[in-house]
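The next block holds one structure in the form of C-alpha cells; read it before the comments.
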Amino acid sequence: MGASTFQNLLSTPELVFLYQNAVQDNIEYKVSAFWQHYLALKFPPEKRYIISHEHSPDNRSRRRVDILVQHLFPDPSVATTILMTECKRRCNSKFNDLEKQLLGYAESYFRANPNIGAVGGMTVWGTKARVWTLEANWNRDGVVAVFIPRFGPCTSNDKAWYIDAGHVESWYIEEAVCEMTGSAPPPRPEELDEYERS
C-alpha cells in the first residue's frame, strides 16, 4: 500500500501508542486520551478549534461531556460547539448509558442555544466509535435530541456499528470528522467494498 492509502486512524506514532495503551489497560482515561489526541489532529488550534476535556455541555451544568470541540469562527469572541464526545471503557455494563448520556448533553446544549438546530456527536466504546448528527426536535415540552447516524443504520445501542480505530472501516469515522471540518476525506479504501459484500 502506498503512503497515501488509508489504513486506519492510527496515522502517527502517538496515536499508535495511545491506542495500544487503551487496548491493553481498558481504562476510561486512556480511552479518552486516545480519542482526544485523534480529535486534536483533526481540529487543530491554528484553525481556531478548541478541544476541552470534561467540559459542561451548556456552560452552566455540573455535568461534563468527556471531549468537547468548539470553533471560534467566524467571530473569534464566540465559541460554537462542533462536536460532543462521550467515552466509556470497553465493558458491557456501561455501554447502554453511552448514547443516553450524549443525548442528555445535547439537550442541555440545545436548551442553552435554542437557535442551534444540530451538533456533531461521537460515542466511544473503548477503541471503537460511532459518529452522529444530533438534531434538536422542539415540542411544547421542550427539546428532544435525535440521533442521525453518520454511517450505518439508524439503530441505538448497536455494538455492531461501533468501528475500531485500528480497522480499515474506521475510514467512515474519518469521513464524518472530515465533513465537520469542511475538509476532503482520504480516498475510500478498496478493502471496504470487500467488507460490505461479506
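Starting from 1 in every chain, residues are counted up; chains themselves are A, B, ... following the order of the C-alpha cells, and ligands are numbered from 1 as listed.
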From a DSSP calculation on the backbone, collect every residue of region 99-187 of chain A in helix (DSSP H, G or I) and output the set as a PyMOL selection string.
chain A and resi 99-112+159-161+168-181
Using only C-alpha atoms, which residues sit within 6 Å of region 21-36 of chain A once same-chain residues fewer than 2 positions away are excluded, as a list of chain:residue names?
A:Leu18, A:Tyr19, A:Tyr38, A:Leu39, A:Lys88, A:Arg89, A:Gly126
Do you know which residues are at most 7 Å from Gly166 (chain A) counting only C-alpha atoms, after dropping those on the same chain fewer than 2 positions away, and could you put them as a PyMOL selection string?
chain A and resi 8-10+164+168
Those residues you just picked out, can you put them in a file as a PDB file, in the first residue's frame with C-alpha atoms?
ATOM      1  CA  ASN A   8      -6.913   3.157   9.834  1.00  0.00           C
ATOM      2  CA  LEU A   9      -6.984   6.115  12.211  1.00  0.00           C
ATOM      3  CA  LEU A  10      -3.554   5.261  13.658  1.00  0.00           C
ATOM      4  CA  ASP A 164     -12.490   0.145  15.784  1.00  0.00           C
ATOM      5  CA  VAL A 168      -9.820  -0.058   7.759  1.00  0.00           C
TER       6      VAL A 168
END
Determine, counting only C-alpha atoms, which protein, DNA and RNA residues have an atom within 12 Å of an atom of Ala136 (chain A); residues of the same chain fewer than 4 positions away are not included. Present the result as a ChimeraX atom specification.
/A:103-120,142-148
At what distance in Å, to one decimal, does CA of Ile163 (chain A) lie from CA of Thr127 (chain A)?
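According to the coordinates, CA of Thr127 (chain A) and CA of Ile163 (chain A) are separated by 8.1 Å.
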As a PyMOL selection string, please: every residue in region 23-167 of chain A that a backbone DSSP assignment puts in strand (DSSP E).
chain A and resi 49-55+65-71+80-88+118-125+128-139+142-149+163-164
Selection export as a short mmCIF file (atom, residue, chain, number, x, y, z; two decimals), in the first residue's frame, atoms kept: N, CA and C atoms:
data_model
loop_
_atom_site.label_atom_id
_atom_site.label_comp_id
_atom_site.auth_asym_id
_atom_site.auth_seq_id
_atom_site.Cartn_x
_atom_site.Cartn_y
_atom_site.Cartn_z
N TYR A 49 -9.77 25.97 16.45
CA TYR A 49 -10.56 24.98 17.17
C TYR A 49 -10.06 24.89 18.61
N ILE A 50 -10.98 24.62 19.52
CA ILE A 50 -10.66 24.44 20.94
C ILE A 50 -11.17 23.05 21.33
N ILE A 51 -10.29 22.26 21.92
CA ILE A 51 -10.70 20.95 22.42
C ILE A 51 -10.59 20.97 23.93
N SER A 52 -11.70 20.69 24.60
CA SER A 52 -11.75 20.71 26.05
C SER A 52 -12.11 19.32 26.55
N HIS A 53 -11.52 18.96 27.67
CA HIS A 53 -11.79 17.68 28.32
C HIS A 53 -12.64 17.95 29.55
N GLU A 54 -13.68 17.13 29.76
CA GLU A 54 -14.57 17.28 30.93
C GLU A 54 -15.18 18.69 30.95
N HIS A 55 -15.93 19.01 29.94
CA HIS A 55 -16.50 20.36 29.78
C HIS A 55 -18.02 20.30 29.89
N VAL A 65 -19.32 16.59 29.56
CA VAL A 65 -19.10 15.77 28.38
C VAL A 65 -17.59 15.49 28.33
N ASP A 66 -17.20 14.28 27.95
CA ASP A 66 -15.79 13.89 28.02
C ASP A 66 -14.89 14.76 27.14
N ILE A 67 -15.27 14.97 25.89
CA ILE A 67 -14.47 15.79 24.97
C ILE A 67 -15.42 16.72 24.22
N LEU A 68 -15.11 18.00 24.23
CA LEU A 68 -15.92 18.99 23.54
C LEU A 68 -15.02 19.72 22.54
N VAL A 69 -15.49 19.81 21.29
CA VAL A 69 -14.76 20.55 20.25
C VAL A 69 -15.57 21.79 19.92
N GLN A 70 -14.92 22.95 20.01
CA GLN A 70 -15.57 24.21 19.67
C GLN A 70 -14.74 24.93 18.61
N HIS A 71 -15.39 25.86 17.90
CA HIS A 71 -14.72 26.59 16.82
C HIS A 71 -14.98 28.08 17.00
N THR A 80 -18.45 28.20 18.98
CA THR A 80 -19.56 27.36 18.53
C THR A 80 -19.18 25.90 18.73
N THR A 81 -20.05 25.14 19.37
CA THR A 81 -19.78 23.71 19.58
C THR A 81 -19.95 22.97 18.27
N ILE A 82 -18.93 22.19 17.92
CA ILE A 82 -18.91 21.40 16.69
C ILE A 82 -19.20 19.93 16.99
N LEU A 83 -18.60 19.43 18.09
CA LEU A 83 -18.67 18.00 18.39
C LEU A 83 -18.64 17.76 19.89
N MET A 84 -19.54 16.88 20.36
CA MET A 84 -19.52 16.40 21.74
C MET A 84 -19.19 14.91 21.69
N THR A 85 -18.25 14.50 22.52
CA THR A 85 -17.82 13.09 22.54
C THR A 85 -17.96 12.53 23.94
N GLU A 86 -18.65 11.42 24.05
CA GLU A 86 -18.78 10.71 25.32
C GLU A 86 -18.03 9.39 25.21
N CYS A 87 -17.16 9.11 26.19
CA CYS A 87 -16.29 7.93 26.16
C CYS A 87 -16.61 6.98 27.31
N LYS A 88 -16.54 5.71 27.01
CA LYS A 88 -16.63 4.67 28.03
C LYS A 88 -15.57 3.62 27.73
N ALA A 118 -28.54 21.67 15.22
CA ALA A 118 -27.84 20.37 15.19
C ALA A 118 -26.42 20.55 15.69
N VAL A 119 -25.84 19.46 16.18
CA VAL A 119 -24.46 19.43 16.63
C VAL A 119 -23.91 18.04 16.36
N GLY A 120 -22.61 17.94 16.14
CA GLY A 120 -21.99 16.64 15.94
C GLY A 120 -21.87 15.89 17.25
N GLY A 121 -21.92 14.58 17.16
CA GLY A 121 -21.76 13.74 18.34
C GLY A 121 -20.91 12.52 18.02
N MET A 122 -20.19 12.06 19.02
CA MET A 122 -19.42 10.82 18.87
C MET A 122 -19.55 10.04 20.17
N THR A 123 -19.91 8.78 20.05
CA THR A 123 -19.94 7.90 21.21
C THR A 123 -18.79 6.92 21.05
N VAL A 124 -18.02 6.77 22.13
CA VAL A 124 -16.80 5.97 22.11
C VAL A 124 -16.94 4.84 23.11
N TRP A 125 -16.68 3.65 22.63
CA TRP A 125 -16.70 2.45 23.47
C TRP A 125 -15.33 1.79 23.33
N LYS A 128 -13.44 1.73 19.91
CA LYS A 128 -14.47 1.77 18.86
C LYS A 128 -15.31 3.03 19.02
N ALA A 129 -15.84 3.53 17.90
CA ALA A 129 -16.65 4.74 17.96
C ALA A 129 -17.75 4.72 16.91
N ARG A 130 -18.72 5.57 17.14
CA ARG A 130 -19.77 5.83 16.18
C ARG A 130 -20.00 7.34 16.14
N VAL A 131 -20.23 7.88 14.96
CA VAL A 131 -20.37 9.33 14.80
C VAL A 131 -21.81 9.63 14.40
N TRP A 132 -22.33 10.74 14.97
CA TRP A 132 -23.73 11.10 14.80
C TRP A 132 -23.88 12.57 14.46
N THR A 133 -25.02 12.91 13.92
CA THR A 133 -25.52 14.28 13.97
C THR A 133 -26.65 14.25 14.98
N LEU A 134 -26.61 15.15 15.96
CA LEU A 134 -27.67 15.24 16.95
C LEU A 134 -28.53 16.44 16.57
N GLU A 135 -29.79 16.18 16.27
CA GLU A 135 -30.70 17.25 15.85
C GLU A 135 -31.64 17.62 16.99
N ALA A 136 -31.95 18.92 17.06
CA ALA A 136 -32.89 19.41 18.06
C ALA A 136 -34.32 19.25 17.53
N ASN A 137 -35.15 18.57 18.28
CA ASN A 137 -36.55 18.39 17.92
C ASN A 137 -37.37 19.07 19.02
N TRP A 138 -37.86 20.27 18.72
CA TRP A 138 -38.60 21.06 19.71
C TRP A 138 -40.08 20.69 19.70
N ASN A 139 -40.66 20.61 20.90
CA ASN A 139 -42.10 20.42 21.05
C ASN A 139 -42.57 21.28 22.21
N GLY A 142 -40.46 21.14 25.40
CA GLY A 142 -39.04 21.48 25.37
C GLY A 142 -38.37 20.86 24.15
N VAL A 143 -37.15 20.41 24.36
CA VAL A 143 -36.37 19.87 23.25
C VAL A 143 -36.01 18.41 23.51
N VAL A 144 -36.03 17.64 22.45
CA VAL A 144 -35.57 16.25 22.47
C VAL A 144 -34.49 16.15 21.41
N ALA A 145 -33.33 15.62 21.80
CA ALA A 145 -32.26 15.41 20.83
C ALA A 145 -32.50 14.09 20.11
N VAL A 146 -32.26 14.09 18.82
CA VAL A 146 -32.49 12.90 17.99
C VAL A 146 -31.18 12.53 17.31
N PHE A 147 -30.81 11.25 17.39
CA PHE A 147 -29.61 10.74 16.74
C PHE A 147 -29.85 10.51 15.25
N ILE A 148 -28.95 11.00 14.41
CA ILE A 148 -28.90 10.67 12.99
C ILE A 148 -27.51 10.08 12.76
N PRO A 149 -27.39 8.79 12.47
CA PRO A 149 -26.06 8.19 12.31
C PRO A 149 -25.36 8.72 11.07
N ILE A 163 -17.10 1.14 15.24
CA ILE A 163 -15.97 0.76 14.40
C ILE A 163 -14.67 1.02 15.15
N ASP A 164 -13.78 0.04 15.10
CA ASP A 164 -12.49 0.14 15.78
C ASP A 164 -11.55 1.07 15.02
#
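CA of Pro44 (chain A) is found 14.9 Å from CA of Glu174 (chain A).
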So the first atom is CA of Arg62 (chain A) and the second is CA of Asn157 (chain A); what is the distance between them in Å, to one decimal place?
25.3 Å
